[in-house]
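Below: one structure, written as structure tokens.
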Amino acid sequence: MKKRFLILMLMAFFVSILSADETIVEPDESTGVYVSCNIYGASVYIDGIYRGITPLTVTNLEPGKHRMEVSKAHHSSDIFYIIVEKGAIREAKCTLEKISGYLTVISNPEGAKVYCDGDLTGDKNIELDEGVHTITTRKFGYKDASEKINIKRNSSYTKELKMDPQDFEILSMDSGKTVFNPKDYKTLSNIEFNISVTAPGSGTLEIESEFGEIVWEQDIDFVTWDQKIKWNGKDSEDYVVEDGLYTATLKVGEKSASYTFVVDSKIVYPMLEATPSGLGIGPVSSAQLYPKSTLLLSFESGAIFKTGDSIFYGVPLNASIAWTPSKYFELMGSFMGIAGDGFKFGADITAKLVGVGSFGSEQVNYGLVLRYGDGSSTLMPPYGYDYGRGFGAGVVFGYLINDFYLGLESTYIFRPVSGMFTSDGTESIWKNGLLASKNFDSGSLALYASLAAGFGTFKKGDESVDISAGVRALDLGGRFAFYILGTKIKNARLSFGLRGGVVIYPEEGGDSFFSEGGTFYPYAKASLTWVL
């Protein structure tokens with residue numbers, strides 16, 4: 001009887017276990033831990049799994065106990081356990097101590113610069129991470145002294161580095177320029193020589209013409225490794241030297257070094273920017289070219305407005321790159337867009353071939369332009385103006401006297417609205433532009449005007465739009481640009497430009513730009529141009 005009762009009790013127990021509801025605790029986003037630390041960027045491991053760096057919030061954790069480890073290189077680790085409750089974010093604070101030692105460096109002779117692993121320390125008493133480090137001392141006129149040292153945690157060291165005297169040597173003499181124009185703007189009308197030596201000394205820098213005449217010289221005292229000497233292209237009597245090949249020679253005792261360059265009064269840096277027909281100003285292409293092998297990068301943005309109910313039209317975003325592989329040829333590519341009601345964009349490429357004639361202080365430039373561009377949609381309707389779309393060919397002409405330039409552009413563009421890959425139009429425009437600019441010591445001021453005549457039609461949806469008009473669009477404006485000082489890298493110069501103007505479309509079918517039915521697009525733009 002007792003045995004039967006015991007068997008029945010055991011069966012009832014197992015049945016109750018098998019029939020009991022299994023309770024499953026699922027993690028959710030409101031259950032987790034926020035880990036903060038006195039060290040930014042420490043690695044967090046939860047139950048041995050990497051979760052990120054501090055400060056860090058980890059959610060979807062299972063309620064209960066978790067193992068936390070917070071660590072960072074060259075610091076002590078913090079390991080602890082934390083209990084996470086369902087529906088709560090638990091905060092875990094940790095503190096890591098830096099594992100380091102201290103080193104005092106004594107230089108012999110005194111006054112040397114101290115470097116640790118290649119970085120200047122600025123102090124002779126240095127806190128270093130545990131491990132092997134390379135310590136170097138440098139002093140002008142002495143050979144560098146270096147030594148490796150193994151730093152252990154919570155230890156202090158003193159290390160003396162002895163430097164031997166260095167004989168005088170000319171390490172290098174060069175310049176970012178191989179050619180320059182002494183008659184150009186003041187920021188560009190000189191050549192700068194970069195001289196590196198090993199020890200104190202005194203010498204002379206001489207400029208010699210290709211005929212053996214010493215046209216300029218300057219005494220130099222070397223008090224540090226690197227020194228820069230400028231020459232403005234004038235002789236000892238303050239006259240600009242003749243064009244030709246020159247050699248700069250540095251003489252210090254029996255040591256010498258030379259650098260050869262060219263003086264050419266015909267080259268100019270005209271402070272241009274990107275236009276749909278190559279480098280110029282505003283909408284007008286220039287017949288001037290930058291010197292051979294010049295690379296130009298240009299970025300422009302600003303704001304465009306429109307008369308009517310909605311005043312703001314969009315933000316122009318233009319990026320261009322231009323290159324002069326020879327002194328007669330220019331290549332340029334541009335990406336252009338307007339961010340406003342959606343984003344409209346396009347791209348174009350231009351080739352310009354230019355000839356130059358000089359008559360004393362006067363210069364005549366003339367050339368041909370070929371260009372092609374396309375894009376997602378037309379910019380600035382009611383259409384019929386030049387924003388880089390379509391196929392174009394034209395001529396440019398310029399007259400330069402001293403620092404004043406007067407230029408003309410005449411370009412015919414096919415399908416500036418519908419694009420070359422559609423059959424939606426036979427439209428074309430004839431654009432004629434006038435440009436006048438004055439160059440100053442460190443900048444330039446320019447005014448421009450561009451008039452476009454329209455021909456033919458294009459389709460806008462099911463509607464055929466006629467752009468035939470003797471005065472389809474007029475662009476008037478001006479630009480001021482200047483060099484940003486302190487931004488030169490070798491022969492590179494960075495300039496900043498401000499440009500403002502208005503594009504005017506006359507009333508449909510009319511010839512008056514300023515009638516009530518006309519449309520105005522005022523604009524203001526800023527540009528950065530880097531010439532290398």
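Following the order of the structure tokens, first chain is A, next is B, and so on, with residues numbered from 1 inside each chain and ligands from 1 in the order they appear.
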
Problem set entry | Polymer residues at most 12 Å from Glu110 (chain A), only C-alpha atoms, same-chain spacing of 4 or more positions, as a VMD selection string | chain A and resid 105 to 106 114 124 137 to 140 142 160 to 163

Please produce an output containing N, CA, C and O atoms for each residue in the selection, written as a compact mmCIF listing (two decimals), in the first residue's frame.
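Listed below is the output, part_18.txt:
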# COMPACT_ATOMS: atom_id res chain seq x y z
N VAL A 105 65.38 63.78 -19.20
CA VAL A 105 66.42 63.77 -20.23
C VAL A 105 67.36 64.93 -20.00
O VAL A 105 66.93 66.09 -19.88
N ILE A 106 68.66 64.63 -19.96
CA ILE A 106 69.70 65.65 -19.83
C ILE A 106 70.50 65.65 -21.12
O ILE A 106 71.02 64.61 -21.54
N VAL A 114 64.15 67.82 -27.37
CA VAL A 114 63.99 66.42 -27.01
C VAL A 114 62.81 65.84 -27.78
O VAL A 114 61.71 66.40 -27.76
N LYS A 124 61.69 68.27 -20.83
CA LYS A 124 62.72 67.27 -20.58
C LYS A 124 62.29 66.27 -19.52
O LYS A 124 62.95 65.25 -19.32
N THR A 137 67.84 63.68 -28.99
CA THR A 137 68.11 65.10 -28.73
C THR A 137 68.72 65.72 -29.99
O THR A 137 69.53 65.09 -30.68
N ARG A 138 68.31 66.97 -30.28
CA ARG A 138 68.78 67.69 -31.46
C ARG A 138 69.19 69.10 -31.06
O ARG A 138 68.49 69.78 -30.32
N LYS A 139 70.32 69.53 -31.57
CA LYS A 139 70.79 70.90 -31.36
C LYS A 139 71.56 71.32 -32.59
O LYS A 139 72.38 70.54 -33.12
N PHE A 140 71.28 72.52 -33.06
CA PHE A 140 71.93 73.02 -34.27
C PHE A 140 73.44 73.07 -34.05
O PHE A 140 73.93 73.61 -33.06
N TYR A 142 75.24 70.26 -33.93
CA TYR A 142 75.65 68.99 -33.32
C TYR A 142 74.92 67.84 -34.01
O TYR A 142 73.83 68.01 -34.56
N GLU A 160 71.15 60.75 -19.81
CA GLU A 160 71.96 61.82 -20.40
C GLU A 160 72.38 61.40 -21.80
O GLU A 160 72.91 60.30 -22.00
N LEU A 161 72.13 62.29 -22.77
CA LEU A 161 72.53 62.04 -24.15
C LEU A 161 73.56 63.06 -24.57
O LEU A 161 73.32 64.27 -24.49
N LYS A 162 74.71 62.56 -25.01
CA LYS A 162 75.82 63.43 -25.41
C LYS A 162 75.85 63.54 -26.92
O LYS A 162 75.80 62.53 -27.63
N MET A 163 75.94 64.78 -27.41
CA MET A 163 75.95 65.04 -28.85
C MET A 163 77.34 65.53 -29.27
O MET A 163 77.92 66.39 -28.60

For this session: Show which residues sit within 9 Å of Thr426 (chain A), as a count of residues only. Count only C-alpha atoms, and ignore same-chain residues fewer than 3 positions away.
Result: 8

For this session: List the neighbours of region 280-297 of chain A out to 6 Å using only C-alpha atoms; skip same-chain residues closer than 2 positions along the sequence, and give me the result as a ChimeraX atom specification.
Result: /A:267,269,272-273,275,277-278,320-327,365-366,396-398,433,529-532

For this session: Could you give me, as an NGL selection string, each residue of region 98-342 of chain A that DSSP assigns to strand (DSSP E or B) when run on this structure's backbone?
Result: :A and (98 or 100-108 or 113-116 or 119-120 or 125-129 or 131-138 or 142 or 145-151 or 156-162 or 165 or 170-174 or 179-180 or 191-197 or 201-209 or 214-222 or 226-231 or 234 or 240 or 244-252 or 255-263 or 273-275 or 278-281 or 284-285 or 295-305 or 312-326 or 329-340 or 342)

Compile the contact shell of Ile195 (chain A) as a short mmCIF file (atom, residue, chain, number, x, y, z; two decimals) with N, CA and C atoms, in the first residue's frame: residues with an atom at most 6 Å away, counting only C-alpha atoms, same-chain residues fewer than 2 positions apart removed.
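Once written, result03.cif looks like this:
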data_model
loop_
_atom_site.label_atom_id
_atom_site.label_comp_id
_atom_site.auth_asym_id
_atom_site.auth_seq_id
_atom_site.Cartn_x
_atom_site.Cartn_y
_atom_site.Cartn_z
N SER A 172 70.82 71.04 -48.66
CA SER A 172 70.00 71.23 -49.87
C SER A 172 69.80 72.72 -50.12
N MET A 173 69.51 73.01 -51.38
CA MET A 173 69.14 74.36 -51.79
C MET A 173 68.19 74.22 -52.97
N ASP A 226 67.27 75.45 -41.18
CA ASP A 226 66.58 75.85 -42.40
C ASP A 226 66.45 77.37 -42.47
N GLN A 227 66.71 77.91 -43.66
CA GLN A 227 66.60 79.35 -43.85
C GLN A 227 66.01 79.63 -45.23
#

For this session: Pick out the residues sitting within 8 Å of Arg389 (chain A), and hand them over as JSON, numbers by chain; count only C-alpha atoms, and ignore anything fewer than 5 positions along from it in its own chain.
Result: {"A": [346, 347, 348, 372, 373, 374, 375, 415, 416, 417, 419]}

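In this structure, CA of Asn108 (chain A) sits 22.5 Å away from CA of Val132 (chain A).
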
For this session: Please provide as number ranges by chain all residues within 7 Å of Tyr328 (chain A), with the sequence filter that same-chain residues fewer than 4 positions apart are discarded (counting only C-alpha atoms).
Result: A: 353-355

Problem set entry | Contact residues around Arg499 (chain A) with only C-alpha atoms at 8 Å, ignoring same-chain residues under 4 positions, as a PyMOL selection string | chain A and resi 282+477-480+524-526

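Take the candidates A:Asp47, A:Gly425, A:Asp235, A:Ile413 and check each one against Glu213 (chain A) using only C-alpha atoms; the shortest distance goes to A:Asp235.
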